[in-house]
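What follows is a single structure, written as structure tokens, with notes after it.
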Amino acid sequence: MNSRRVRLGSATVLLGLVLAGCGGSGDRPVNPSVYRGAWAGTWNGATSNDGGTLVMTVYSDGSVDGTMGRSPNLSGTINGSIDANGNLTAVGNFGPDGNFLISGSVIVTTDLIGSFRYKFLGNEYNGSFSCRPSGGG
């Protein structure tokens with residue numbers, strides 16, 4: 001029983017550290033993120049036959065937060081960061097479905113375009129997204 005509490009406590013601390021690390025850097029960058037702004041579009045799961053809406057804000061320090069929609073009528077959150085090289089690291093959540101880890105890369109033209117991998121319940125999936133500027137940010 002005691003070792004179970006230690007394992008559970010250790011897992012909780014580890015999860016907290018992982019989530020805290022997704023919030024971006026505490027240091028102010030010399031140049032603001034080229035990805036900054038408010039973005040809205042869609043995402044598609046290439047290997048999961050899944051997809052939906054994506055609305056997110058990328059802040060000057062590269063931190064990201066937003067919402068994702070998914071069929072049938074599910075909404076969730078995304079929190080993470082995009083570094084100066086366009087590497088995306090985030091955690092998504094659709095409530096009862098639990099958290100899923102997202103990693104990938106983005107580029108910005110007039111749109112913010114990305115490809116990503118996400119891991120959910122031990123399975124790896126691939127996807128992509130395309131968002132247009134939506135004002136704000």
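Labeling convention for the structure tokens: chains A, B, ... as they appear, residues from 1 per chain, ligands from 1 in order of appearance.
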
Which residues are close to Val55 (chain A), i.e. within 12 Å by only C-alpha atoms, leaving aside same-chain residues fewer than 4 positions away? Reply as a PDB file with N, CA and C atoms, in the first residue's frame.
```pdb
ATOM      1  N   GLY A  37       0.109  35.165 -32.919  1.00  0.00           N
ATOM      2  CA  GLY A  37      -1.150  35.640 -33.463  1.00  0.00           C
ATOM      3  C   GLY A  37      -2.280  34.693 -33.112  1.00  0.00           C
ATOM      4  N   ALA A  38      -3.463  35.102 -33.488  1.00  0.00           N
ATOM      5  CA  ALA A  38      -4.649  34.274 -33.307  1.00  0.00           C
ATOM      6  C   ALA A  38      -4.925  33.554 -34.619  1.00  0.00           C
ATOM      7  N   TRP A  39      -5.182  32.246 -34.537  1.00  0.00           N
ATOM      8  CA  TRP A  39      -5.328  31.398 -35.712  1.00  0.00           C
ATOM      9  C   TRP A  39      -6.588  30.547 -35.590  1.00  0.00           C
ATOM     10  N   ALA A  40      -7.255  30.317 -36.718  1.00  0.00           N
ATOM     11  CA  ALA A  40      -8.445  29.455 -36.729  1.00  0.00           C
ATOM     12  C   ALA A  40      -8.459  28.636 -38.003  1.00  0.00           C
ATOM     13  N   GLY A  41      -8.779  27.347 -37.862  1.00  0.00           N
ATOM     14  CA  GLY A  41      -8.825  26.472 -39.028  1.00  0.00           C
ATOM     15  C   GLY A  41      -9.285  25.079 -38.669  1.00  0.00           C
ATOM     16  N   THR A  42      -8.697  24.099 -39.334  1.00  0.00           N
ATOM     17  CA  THR A  42      -9.103  22.710 -39.134  1.00  0.00           C
ATOM     18  C   THR A  42      -7.879  21.824 -38.944  1.00  0.00           C
ATOM     19  N   TRP A  43      -8.112  20.663 -38.324  1.00  0.00           N
ATOM     20  CA  TRP A  43      -7.092  19.635 -38.205  1.00  0.00           C
ATOM     21  C   TRP A  43      -7.676  18.334 -38.716  1.00  0.00           C
ATOM     22  N   VAL A  64       1.421  28.480 -26.554  1.00  0.00           N
ATOM     23  CA  VAL A  64       0.214  28.242 -27.336  1.00  0.00           C
ATOM     24  C   VAL A  64      -0.909  27.814 -26.407  1.00  0.00           C
ATOM     25  N   ASP A  65      -2.101  28.348 -26.628  1.00  0.00           N
ATOM     26  CA  ASP A  65      -3.293  27.777 -26.006  1.00  0.00           C
ATOM     27  C   ASP A  65      -4.459  27.947 -26.950  1.00  0.00           C
ATOM     28  N   GLY A  66      -5.433  27.068 -26.803  1.00  0.00           N
ATOM     29  CA  GLY A  66      -6.578  27.153 -27.684  1.00  0.00           C
ATOM     30  C   GLY A  66      -7.554  26.017 -27.466  1.00  0.00           C
ATOM     31  N   THR A  67      -8.452  25.877 -28.437  1.00  0.00           N
ATOM     32  CA  THR A  67      -9.474  24.840 -28.371  1.00  0.00           C
ATOM     33  C   THR A  67      -9.464  24.030 -29.660  1.00  0.00           C
ATOM     34  N   MET A  68      -9.897  22.785 -29.517  1.00  0.00           N
ATOM     35  CA  MET A  68     -10.028  21.882 -30.657  1.00  0.00           C
ATOM     36  C   MET A  68     -11.436  21.313 -30.629  1.00  0.00           C
ATOM     37  N   GLY A  69     -12.033  21.156 -31.785  1.00  0.00           N
ATOM     38  CA  GLY A  69     -13.318  20.489 -31.896  1.00  0.00           C
ATOM     39  C   GLY A  69     -13.133  19.148 -32.568  1.00  0.00           C
ATOM     40  N   SER A  75     -15.476  19.104 -27.647  1.00  0.00           N
ATOM     41  CA  SER A  75     -14.503  20.192 -27.671  1.00  0.00           C
ATOM     42  C   SER A  75     -13.456  19.915 -26.617  1.00  0.00           C
ATOM     43  N   GLY A  76     -12.256  20.374 -26.906  1.00  0.00           N
ATOM     44  CA  GLY A  76     -11.147  20.140 -25.998  1.00  0.00           C
ATOM     45  C   GLY A  76     -10.193  21.310 -26.002  1.00  0.00           C
ATOM     46  N   THR A  77      -9.101  21.160 -25.285  1.00  0.00           N
ATOM     47  CA  THR A  77      -8.106  22.219 -25.159  1.00  0.00           C
ATOM     48  C   THR A  77      -6.761  21.753 -25.704  1.00  0.00           C
ATOM     49  N   ILE A  78      -5.942  22.725 -26.053  1.00  0.00           N
ATOM     50  CA  ILE A  78      -4.556  22.465 -26.435  1.00  0.00           C
ATOM     51  C   ILE A  78      -3.698  23.519 -25.743  1.00  0.00           C
ATOM     52  N   ASN A  79      -2.596  23.083 -25.133  1.00  0.00           N
ATOM     53  CA  ASN A  79      -1.661  23.978 -24.451  1.00  0.00           C
ATOM     54  C   ASN A  79      -0.255  23.490 -24.718  1.00  0.00           C
ATOM     55  N   LEU A 112      -0.913  29.431 -40.987  1.00  0.00           N
ATOM     56  CA  LEU A 112      -0.091  28.603 -40.114  1.00  0.00           C
ATOM     57  C   LEU A 112      -0.418  27.157 -40.460  1.00  0.00           C
ATOM     58  N   PHE A 129      -2.691  20.276 -39.798  1.00  0.00           N
ATOM     59  CA  PHE A 129      -3.645  21.360 -39.589  1.00  0.00           C
ATOM     60  C   PHE A 129      -3.306  22.536 -40.494  1.00  0.00           C
ATOM     61  N   SER A 130      -4.291  23.350 -40.741  1.00  0.00           N
ATOM     62  CA  SER A 130      -4.128  24.569 -41.505  1.00  0.00           C
ATOM     63  C   SER A 130      -5.029  25.622 -40.884  1.00  0.00           C
ATOM     64  N   CYS A 131      -4.431  26.758 -40.503  1.00  0.00           N
ATOM     65  CA  CYS A 131      -5.187  27.839 -39.862  1.00  0.00           C
ATOM     66  C   CYS A 131      -4.910  29.153 -40.544  1.00  0.00           C
ATOM     67  N   ARG A 132      -5.911  29.992 -40.595  1.00  0.00           N
ATOM     68  CA  ARG A 132      -5.789  31.349 -41.125  1.00  0.00           C
ATOM     69  C   ARG A 132      -5.747  32.327 -39.960  1.00  0.00           C
ATOM     70  N   PRO A 133      -5.158  33.509 -40.178  1.00  0.00           N
ATOM     71  CA  PRO A 133      -5.185  34.511 -39.115  1.00  0.00           C
ATOM     72  C   PRO A 133      -6.639  34.859 -38.758  1.00  0.00           C
ATOM     73  N   SER A 134      -6.902  34.995 -37.469  1.00  0.00           N
ATOM     74  CA  SER A 134      -8.270  35.313 -37.050  1.00  0.00           C
ATOM     75  C   SER A 134      -8.330  36.603 -36.234  1.00  0.00           C
ATOM     76  N   GLY A 135      -7.264  37.407 -36.272  1.00  0.00           N
ATOM     77  CA  GLY A 135      -7.227  38.650 -35.507  1.00  0.00           C
ATOM     78  C   GLY A 135      -6.800  38.402 -34.082  1.00  0.00           C
ATOM     79  N   GLY A 136      -6.489  39.430 -33.353  1.00  0.00           N
ATOM     80  CA  GLY A 136      -6.074  39.295 -31.956  1.00  0.00           C
ATOM     81  C   GLY A 136      -4.670  38.770 -31.849  1.00  0.00           C
ATOM     82  N   GLY A 137      -4.357  38.167 -30.673  1.00  0.00           N
ATOM     83  CA  GLY A 137      -3.040  37.593 -30.435  1.00  0.00           C
ATOM     84  C   GLY A 137      -2.138  38.608 -29.911  1.00  0.00           C
TER      85      GLY A 137
END
```

Open item on the list: Taking 5 positions as the minimum chain separation for residues in the same chain, which residues sit within 9 Å of Ala84 (chain A) when counting only C-alpha atoms? Answer as a list in words.
Closed with: Ser33, Val34, Tyr35 and Gly62 of chain A

Open item on the list: Report, in Å to a single decimal, how far apart CA of Gly86 (chain A) and CA of Val106 (chain A) are.
Closed with: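 So the answer is 5.0 Å.
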
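The environment of Ile82 (chain A) within 7 Å, counting only C-alpha atoms and disregarding residues fewer than 5 places along the same chain, consists of Gly62, Ser63, Asn87, Leu88 and Thr89 of chain A.
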
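A straight line drawn from CA of Ala90 (chain A) to CA of Asn49 (chain A) is 20.7 Å long.
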
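Between CA of Ile107 (chain A) and CA of Gly95 (chain A) the separation is 28.8 Å.
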
- [ ] Select, from A:Asn85, A:Ser48, A:Ser71, A:Ser60, the residue with the minimum atom-to-atom distance to Ser105 (chain A), counting only C-alpha atoms.
- [x]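 The shortest atom-to-atom distance to Ser105 (chain A) comes from A:Asn85.
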